[in-house]
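Engineer: Here you go, target_1.txt (compact mmCIF, C-alpha atoms):
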```
# COMPACT_ATOMS: atom_id res chain seq x y z
CA MET G 24 156.87 226.18 203.68
CA ASN G 25 158.98 228.26 206.04
CA ALA G 26 162.72 227.74 205.76
CA VAL G 27 163.13 228.25 209.51
CA ALA G 28 161.02 225.85 211.50
CA ARG G 29 159.54 226.51 214.92
CA VAL G 30 161.26 224.58 217.68
CA LEU G 31 159.47 223.05 220.66
CA ASP G 32 161.42 221.48 223.51
CA ILE G 33 159.43 218.78 225.30
CA THR G 34 162.40 217.06 226.92
CA GLY G 35 161.14 218.17 230.33
CA GLU G 36 157.61 216.84 229.82
CA THR G 37 156.03 213.47 230.43
CA CYS G 38 153.19 211.76 228.58
CA PRO G 39 150.56 212.98 227.79
CA MET G 40 151.81 216.56 228.23
CA THR G 41 154.39 215.85 225.52
CA TRP G 42 151.64 215.47 222.93
CA VAL G 43 149.38 218.14 224.50
CA LYS G 44 152.10 220.78 224.10
CA THR G 45 152.99 219.57 220.59
CA LYS G 46 149.34 219.50 219.52
CA LEU G 47 148.66 223.01 220.82
CA GLU G 48 151.77 224.36 219.10
CA LEU G 49 150.59 222.80 215.84
CA GLU G 50 147.17 224.41 216.31
CA ARG G 51 148.85 227.83 216.37
CA MET G 52 150.64 227.18 213.06
CA ALA G 53 149.50 227.51 209.47
CA PRO G 54 149.13 224.45 207.22
CA GLY G 55 152.49 223.61 205.65
CA GLU G 56 154.51 225.17 208.45
CA ALA G 57 157.16 222.94 210.01
CA LEU G 58 157.74 222.25 213.69
CA THR G 59 160.91 220.73 215.11
CA VAL G 60 160.21 218.91 218.35
CA LEU G 61 163.09 218.13 220.68
CA CYS G 62 162.28 214.95 222.55
CA ARG G 63 164.07 212.66 224.94
CA PRO G 64 164.40 208.91 224.47
CA GLY G 65 161.53 206.84 225.75
CA GLU G 66 157.75 206.79 225.56
CA ALA G 67 157.29 210.24 224.04
CA LEU G 68 159.60 209.44 221.16
CA GLU G 69 157.14 206.73 220.15
CA ASN G 70 153.88 208.42 221.10
CA VAL G 71 154.37 211.95 219.76
CA PRO G 72 155.22 210.92 216.16
CA ARG G 73 152.38 208.39 216.18
CA SER G 74 149.84 210.91 217.52
CA ALA G 75 151.03 213.51 215.00
CA ALA G 76 150.71 211.04 212.12
CA GLU G 77 147.25 209.96 213.32
CA ALA G 78 146.24 213.63 213.30
CA GLY G 79 147.20 213.74 209.61
CA HIS G 80 150.50 215.61 209.81
CA ASP G 81 153.69 214.62 207.95
CA VAL G 82 156.22 213.29 210.42
CA VAL G 83 159.92 212.51 210.15
CA ARG G 84 161.94 211.21 213.09
CA ASP G 85 165.68 211.75 213.29
CA GLY G 86 167.13 210.43 216.52
CA THR G 87 165.45 212.37 219.30
CA THR G 88 164.32 215.13 216.96
CA ILE G 89 160.85 214.98 215.42
CA ARG G 90 160.01 217.13 212.43
CA ILE G 91 156.31 217.71 211.84
CA VAL G 92 154.78 219.53 208.89
CA ARG G 93 151.33 220.74 209.83
CA ALA G 94 148.51 219.33 207.70
CA MET E 7 119.37 223.24 259.68
CA SER E 8 122.51 223.05 261.76
CA ASP E 9 125.07 223.97 259.14
CA ARG E 10 124.26 226.03 256.07
CA ARG E 11 127.23 224.84 254.13
CA GLY E 12 126.90 221.18 255.04
CA PHE E 13 129.63 218.61 254.65
CA PHE E 14 132.34 220.80 253.20
CA GLY E 15 131.62 223.64 255.58
CA ALA E 16 132.48 221.22 258.39
CA ALA E 17 135.52 220.02 256.49
CA VAL E 18 136.89 223.54 256.22
CA ARG E 19 136.55 224.15 259.95
CA ALA E 20 138.21 220.78 260.61
CA GLY E 21 141.28 222.15 258.89
CA LEU E 22 141.06 220.23 255.64
CA GLY E 23 141.68 223.41 253.73
CA ALA E 24 139.56 225.59 251.52
CA PRO E 25 139.81 226.02 247.77
CA THR E 26 142.51 228.48 246.82
CA SER E 27 141.41 231.48 244.84
CA PRO E 28 142.20 231.21 241.14
CA PRO E 29 145.09 233.17 239.66
CA PRO E 30 144.10 235.84 237.13
CA PRO E 31 143.63 234.22 233.72
CA THR E 32 146.49 234.55 231.30
CA ALA E 33 146.04 235.19 227.57
CA GLY E 34 146.65 231.55 226.72
CA LEU E 35 146.36 228.48 228.91
CA SER E 36 148.65 228.29 231.92
CA ASP E 37 150.74 225.20 232.63
CA ALA E 38 148.33 224.36 235.45
CA GLU E 39 145.41 224.57 233.04
CA LEU E 40 147.24 222.46 230.46
CA GLU E 41 147.72 219.76 233.04
CA ARG E 42 144.20 219.94 234.48
CA TYR E 43 142.55 219.76 231.06
CA SER E 44 145.18 217.60 229.33
CA ARG E 45 142.91 214.59 228.84
CA GLN E 46 140.41 216.67 226.87
CA LEU E 47 143.06 218.77 225.11
CA VAL E 48 144.54 215.61 223.56
CA LEU E 49 141.24 214.95 221.81
CA PRO E 50 141.36 215.75 218.09
CA GLN E 51 138.06 217.65 218.45
CA TRP E 52 139.18 219.70 221.46
CA THR E 53 141.56 222.58 220.78
CA GLU E 54 143.17 225.30 222.84
CA ALA E 55 140.61 227.66 221.31
CA ALA E 56 137.83 225.39 222.60
CA GLN E 57 139.32 225.42 226.09
CA LEU E 58 139.69 229.20 226.06
CA ALA E 59 136.09 229.56 224.84
CA LEU E 60 135.00 227.44 227.78
CA ARG E 61 136.99 229.58 230.21
CA GLU E 62 135.26 232.69 228.87
CA ALA E 63 131.81 231.10 229.09
CA SER E 64 129.12 231.61 231.69
CA VAL E 65 126.52 228.88 232.14
CA LEU E 66 123.36 228.86 234.23
CA VAL E 67 122.33 225.44 235.57
CA VAL E 68 118.67 225.46 236.58
CA GLY E 69 118.28 222.79 239.23
CA ALA E 70 120.96 221.19 241.39
CA GLY E 71 119.37 217.78 241.69
CA ALA E 72 119.49 214.54 239.74
CA LEU E 73 120.30 216.14 236.38
CA GLY E 74 122.02 219.22 237.73
CA SER E 75 124.54 217.17 239.73
CA PRO E 76 126.25 215.56 236.73
CA VAL E 77 125.77 218.67 234.59
CA ALA E 78 127.42 221.05 237.06
CA THR E 79 130.12 218.52 237.94
CA TYR E 80 131.18 217.95 234.35
CA LEU E 81 130.96 221.60 233.35
CA ALA E 82 133.02 222.72 236.34
CA GLY E 83 135.52 219.95 235.75
CA ALA E 84 135.81 220.80 232.07
CA GLY E 85 136.68 224.40 232.88
CA VAL E 86 133.59 226.54 232.26
CA GLY E 87 134.59 229.94 233.62
CA ARG E 88 131.45 230.82 235.53
CA LEU E 89 128.59 228.62 236.71
CA GLY E 90 125.33 229.87 238.17
CA ILE E 91 123.51 227.20 240.19
CA VAL E 92 119.78 227.74 240.74
CA ASP E 93 117.75 225.68 243.20
CA HIS E 94 115.25 226.74 245.82
CA ASP E 95 115.12 223.38 247.64
CA ASP E 96 117.05 221.96 250.58
CA VAL E 97 118.80 218.60 250.42
CA GLU E 98 116.61 215.70 251.60
CA VAL E 99 117.82 212.23 252.44
CA SER E 100 115.59 210.81 249.69
CA ASN E 101 117.54 212.87 247.11
CA LEU E 102 120.88 211.24 247.75
CA HIS E 103 120.54 208.08 245.63
CA ARG E 104 120.42 210.14 242.45
CA GLN E 105 122.05 213.50 243.30
CA PRO E 106 125.78 212.81 243.75
CA LEU E 107 126.71 216.43 244.51
CA HIS E 108 124.99 216.09 247.90
CA PHE E 109 126.09 213.95 250.84
CA THR E 110 124.31 212.76 253.98
CA PRO E 111 125.72 215.58 256.18
CA ASP E 112 124.20 218.06 253.69
CA VAL E 113 120.59 217.10 254.54
CA GLY E 114 118.77 220.32 255.36
CA VAL E 115 121.30 222.52 253.53
CA PRO E 116 120.14 224.53 250.48
CA LYS E 117 121.02 222.52 247.39
CA ALA E 118 122.53 225.52 245.61
CA HIS E 119 125.01 226.02 248.47
CA SER E 120 125.71 222.32 248.94
CA ALA E 121 126.47 222.03 245.21
CA ALA E 122 128.58 225.19 245.14
CA ALA E 123 130.76 223.92 247.99
CA LYS E 124 131.61 220.68 246.16
CA LEU E 125 132.15 222.41 242.84
CA GLY E 126 134.58 224.85 244.44
CA TYR E 127 136.70 221.93 245.55
CA LEU E 128 136.42 220.21 242.20
CA ASN E 129 137.72 223.20 240.28
CA PRO E 130 138.76 226.31 242.26
CA ALA E 131 139.28 228.24 239.02
CA VAL E 132 135.55 228.24 238.28
CA VAL E 133 133.46 231.11 239.63
CA ILE E 134 130.42 229.45 241.24
CA GLU E 135 127.34 231.55 241.94
CA PRO E 136 124.63 229.78 243.96
CA TYR E 137 121.07 231.13 243.78
CA GLN E 138 118.78 229.76 246.47
CA ALA E 139 115.66 230.70 244.56
CA SER E 140 113.25 229.55 241.89
CA PHE E 141 114.16 230.32 238.29
CA ASN E 142 113.26 233.72 236.95
CA ALA E 143 114.18 235.29 233.63
CA ALA E 144 116.36 237.98 235.23
CA MET E 145 118.84 235.26 236.15
CA LEU E 146 119.78 234.86 232.48
CA GLU E 147 121.67 238.14 232.35
CA GLY E 148 125.33 237.62 231.53
CA HIS E 149 125.00 233.93 230.73
CA ASP E 150 125.93 232.38 227.40
CA LEU E 151 124.08 229.11 227.82
CA VAL E 152 121.46 227.57 230.10
CA VAL E 153 121.13 223.92 231.06
CA ASP E 154 117.62 223.20 232.27
CA CYS E 155 117.78 220.52 234.96
CA SER E 156 114.45 221.38 236.53
CA ASP E 157 111.86 218.79 237.43
CA SER E 158 108.62 220.41 236.31
CA PHE E 159 107.03 221.18 232.98
CA GLU E 160 106.07 224.63 234.26
CA THR E 161 109.71 225.56 234.84
CA ARG E 162 110.82 223.92 231.59
CA TYR E 163 108.44 226.04 229.51
CA ALA E 164 109.40 229.16 231.46
CA VAL E 165 113.12 228.53 230.87
CA ASN E 166 112.51 227.85 227.18
CA ALA E 167 110.48 231.05 226.74
CA ALA E 168 113.07 233.14 228.57
CA CYS E 169 115.99 231.69 226.61
CA CYS E 170 114.15 232.28 223.32
CA ALA E 171 113.40 235.89 224.29
CA GLU E 172 117.08 236.50 225.09
CA ARG E 173 118.37 234.21 222.30
CA ILE E 174 120.46 232.24 224.77
CA ALA E 175 121.43 228.69 223.87
CA LEU E 176 119.62 226.07 225.94
CA ILE E 177 120.06 222.40 226.72
CA GLU E 178 116.75 220.87 227.78
CA GLY E 179 116.45 217.57 229.56
CA GLY E 180 114.21 215.45 231.67
CA VAL E 181 114.18 212.05 233.34
CA THR E 182 111.67 209.82 235.04
CA GLY E 183 111.84 206.15 235.86
CA LEU E 184 114.34 204.70 233.41
CA SER E 185 113.74 207.07 230.51
CA GLY E 186 114.21 210.66 229.52
CA MET E 187 115.00 213.14 226.81
CA VAL E 188 117.65 215.68 225.84
CA MET E 189 117.48 218.55 223.35
CA ALA E 190 119.93 221.25 222.31
CA ILE E 191 118.40 224.56 221.27
CA ARG E 192 119.80 227.59 219.50
CA PRO E 193 116.84 230.00 219.62
CA GLY E 194 116.07 231.50 216.22
CA GLU E 195 118.18 228.87 214.46
CA SER E 196 116.84 225.52 215.57
CA ALA E 197 113.58 224.21 216.98
CA CYS E 198 112.91 225.16 220.59
CA TYR E 199 111.40 223.01 223.33
CA ARG E 200 107.91 224.38 222.62
CA CYS E 201 108.32 223.67 218.89
CA ALA E 202 108.91 220.03 219.84
CA PHE E 203 106.29 219.90 222.60
CA PRO E 204 103.74 222.67 221.96
CA ASP E 205 101.46 221.79 224.83
CA ALA E 206 102.37 220.94 228.38
CA PRO E 207 100.68 217.77 229.62
CA PRO E 208 97.61 218.48 231.76
CA PRO E 209 98.50 218.97 235.43
CA GLY E 210 98.50 215.65 237.21
CA SER E 211 98.65 213.55 234.03
CA VAL E 212 102.40 212.95 234.29
CA PRO E 213 103.61 211.45 237.55
CA SER E 214 106.23 213.42 239.41
CA CYS E 215 109.60 212.00 240.32
CA ALA E 216 108.29 211.36 243.84
CA GLN E 217 105.34 209.38 242.46
CA ALA E 218 107.01 207.57 239.56
CA GLY E 219 110.48 207.07 240.99
CA VAL E 220 113.78 207.27 239.17
CA LEU E 221 116.99 205.27 239.20
CA GLY E 222 120.10 207.30 239.94
CA PRO E 223 122.18 206.05 237.01
CA ALA E 224 119.34 206.84 234.59
CA ALA E 225 119.42 210.46 235.75
CA GLY E 226 123.21 210.32 235.50
CA VAL E 227 123.05 209.25 231.86
CA LEU E 228 120.61 211.99 230.91
CA GLY E 229 122.50 214.65 232.86
CA SER E 230 125.77 213.54 231.30
CA LEU E 231 124.21 213.86 227.85
CA GLN E 232 123.10 217.39 228.74
CA ALA E 233 126.63 218.28 229.87
CA LEU E 234 128.05 216.82 226.67
CA GLU E 235 125.68 218.85 224.49
CA ALA E 236 126.51 221.99 226.49
CA LEU E 237 130.22 221.46 225.84
CA LYS E 238 129.53 220.95 222.12
CA LEU E 239 127.68 224.26 221.84
CA LEU E 240 130.15 226.19 223.99
CA ALA E 241 133.20 224.89 222.13
CA GLY E 242 131.57 224.88 218.68
CA LEU E 243 131.98 221.15 218.18
CA GLU E 244 130.13 219.37 215.40
CA GLY E 245 127.29 216.95 216.01
CA ALA E 246 125.24 218.97 218.49
CA LEU E 247 121.70 217.76 219.11
CA THR E 248 120.01 220.81 217.56
CA GLY E 249 116.94 220.44 215.35
CA ALA E 250 116.14 217.19 217.14
CA PHE E 251 115.63 215.63 220.53
CA LEU E 252 116.99 212.36 221.80
CA GLN E 253 114.50 210.01 223.43
CA VAL E 254 116.34 207.67 225.79
CA ASP E 255 114.82 204.49 227.21
CA LEU E 256 117.35 202.82 229.44
CA ALA E 257 115.18 199.81 230.30
CA ASP E 258 116.01 198.40 226.87
CA LEU E 259 118.87 200.81 226.05
CA GLY E 260 116.94 202.46 223.25
CA PHE E 261 118.21 205.78 221.88
CA LEU E 262 115.97 207.46 219.31
CA ARG E 263 116.88 210.74 217.64
CA VAL E 264 113.72 212.56 216.59
CA ALA E 265 114.09 215.42 214.10
CA VAL E 266 112.11 218.55 214.97
CA SER E 267 111.49 221.60 212.78
CA ARG E 268 110.77 225.12 213.92
CA ARG E 269 107.05 225.89 214.07
CA GLU E 270 105.80 229.02 212.34
CA ASP E 271 103.23 229.49 215.09
CA CYS E 272 105.56 228.84 218.02
CA PRO E 273 104.68 231.42 220.68
CA ASP E 274 108.25 231.32 222.02
CA CYS E 275 110.47 231.47 218.94
CA ALA E 276 108.41 232.17 215.79
CA THR E 277 109.23 235.89 215.78
CA LEU E 278 113.00 235.41 216.16
```
Using structure tokens, write down the structure from this file.

Structural biologist:
Amino acid sequence: MNAVARVLDITGETCPMTWVKTKLELERMAPGEALTVLCRPGEALENVPRSAAEAGHDVVRDGTTIRIVRA
Amino acid sequence: MSDRRGFFGAAVRAGLGAPTSPPPPTAGLSDAELERYSRQLVLPQWTEAAQLALREASVLVVGAGALGSPVATYLAGAGVGRLGIVDHDDVEVSNLHRQPLHFTPDVGVPKAHSAAAKLGYLNPAVVIEPYQASFNAAMLEGHDLVVDCSDSFETRYAVNAACCAERIALIEGGVTGLSGMVMAIRPGESACYRCAFPDAPPPGSVPSCAQAGVLGPAAGVLGSLQALEALKLLAGLEGALTGAFLQVDLADLGFLRVAVSRREDCPDCATL
């Protein structure tokens, strides 16, 4: 796994573009690579981790930061 | 024929605005494309690569009627880069119950042009090429896939033979009354239409749409299935209806998948 994770800022997006942009970023990554997603409080903070977990990725939420390891 | 371009031609002159020309494609998907296609991009099966493959694709839709209306609508909406629309007929008022790309003010307008006008408004990024003509094999040049939405066995066999000769993927379909069929074909890899149906029915033995009638939603279901299968082949999704055809009877909602093998003596695809 990479020590330095990719960072994606979706604080300016609304649902479902929050997950669309996260999903497409994950598609560009190799399995095992980590993505740090900067989110804002609200719907996306619930939906993005859930969608990522449903897609089979490992997900850890820390405040408004979501860390996803690509499956 | 008072107005070649029909309803939308009048709308343009009334100042309702014309489709804007698409910006040159970027390497990846633009923000506008992400938004337009977001509800398919969120699907687990649909990736950015699938969307880009669609944008690069060129599809020929043979027939702009009952099947061609949903097919062209969904393919344009989904973001197929280039759509050729073939139809030699004009819009008639008796078409309108089952051909939702055409409106009452379009009566008398060539179907290919009536369809192209609507599709341009639906998705200005798609290059729409109307052909007011009957199908001929030369039209296949440059296309990656053909969706046969014609209404005669003669055309269906001609399209199948031409697609086999050029090894162009084909989605066959037909509808009459409340039933129909759909079949996805990769020439040289899976059974073709003539493998499944070696002999055309004798002329006059199968009633035409005008004689037998058809319900609009039944045509919509079959056309939608054709569009779905086209998207599967273009985007490389699993579960395409190759090596089989789907027999659909909407009177009792029966769907029967019938496996079909390639025929060694098929005049269209045996030598591929």

Engineer: Counting all atoms listed in the file, what is within 10 Å of Arg162 (chain E), bar same-chain residues fewer than 3 positions away, as a CSV table (one decimal) with C-alpha atoms, keeping the file's coordinate frame?

Structural biologist:
```csv
chain,number,residue,atom,x,y,z
E,68,VAL,CA,118.7,225.5,236.6
E,141,PHE,CA,114.2,230.3,238.3
E,154,ASP,CA,117.6,223.2,232.3
E,155,CYS,CA,117.8,220.5,235.0
E,156,SER,CA,114.4,221.4,236.5
E,157,ASP,CA,111.9,218.8,237.4
E,158,SER,CA,108.6,220.4,236.3
E,159,PHE,CA,107.0,221.2,233.0
E,165,VAL,CA,113.1,228.5,230.9
E,166,ASN,CA,112.5,227.8,227.2
E,167,ALA,CA,110.5,231.0,226.7
E,168,ALA,CA,113.1,233.1,228.6
E,178,GLU,CA,116.8,220.9,227.8
E,179,GLY,CA,116.4,217.6,229.6
E,180,GLY,CA,114.2,215.4,231.7
E,199,TYR,CA,111.4,223.0,223.3
E,200,ARG,CA,107.9,224.4,222.6
E,206,ALA,CA,102.4,220.9,228.4
```

Engineer: Between E:Leu247, E:Cys169, E:Val266, E:Ala218, which has the minimum distance to Pro193 (chain E) (counting only C-alpha atoms)?

Structural biologist: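 Using only C-alpha atoms, the shortest distance to Pro193 (chain E) belongs to E:Cys169.
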
Engineer: Could you list, as a ChimeraX atom specification, every residue of chain G that has an atom within 12 Å of an atom of chain E, counting all atoms listed in the file?

Structural biologist: /G:36-51,71,74-75,77-79

Engineer: One decimal, in Å: what's the spacing between CA of Tyr137 (chain E) and CA of Lys117 (chain E)?

Structural biologist: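 Rounded to one decimal, the two atoms are 9.3 Å apart.
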
Engineer: As a PyMOL selection string, please: the residues near Pro72 (chain G) (cut-off 8 Å, only C-alpha atoms, same-chain neighbours under 2 positions excluded).

Structural biologist: chain G and resi 68-70+74-76+82-84+89

Engineer: I'd like the contact shell of Val113 (chain E) - 7 Å cut-off, only C-alpha atoms, skipping same-chain residues fewer than 4 positions apart - returned as a list of chain:residue names.

Structural biologist: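 Neighbouring residues, sequence-local ones excluded: E:Val97, E:Glu98, E:Val99.
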
Engineer: In file coordinates, which residues lie within 12 Å of (101.2, 219.5, 235.2) using all atoms listed in the file, given as a VMD selection string?

Structural biologist: chain E and resid 157 to 163 205 to 214

Engineer: Could you jot down the CA of Asp96 (chain E) to CA of Ala233 (chain E) separation for me, Å, one decimal place?

Structural biologist: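 Separation of CA of Asp96 (chain E) and CA of Ala233 (chain E): 23.1 Å.
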
Engineer: Go ahead and compute the interatomic distance for CA of Cys170 (chain E) and CA of Thr79 (chain E), in Å to one decimal.

Structural biologist: 25.7 Å

Engineer: Using only C-alpha atoms, find the one residue out of G:Asp81, G:Val92, G:Thr34, G:Gly86 that sits nearest to Leu58 (chain G).

Structural biologist: G:Val92

Engineer: Give me the residues near Thr87 (chain G) as a list in words, where near means some atom within 9 Å (using all atoms listed in the file) and where sequence neighbours in that chain fewer than 5 positions away do not count.

Structural biologist: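 After dropping sequence-adjacent residues, the list is Val60, Leu61, Cys62, Arg63, Pro64 and Leu68 of chain G.
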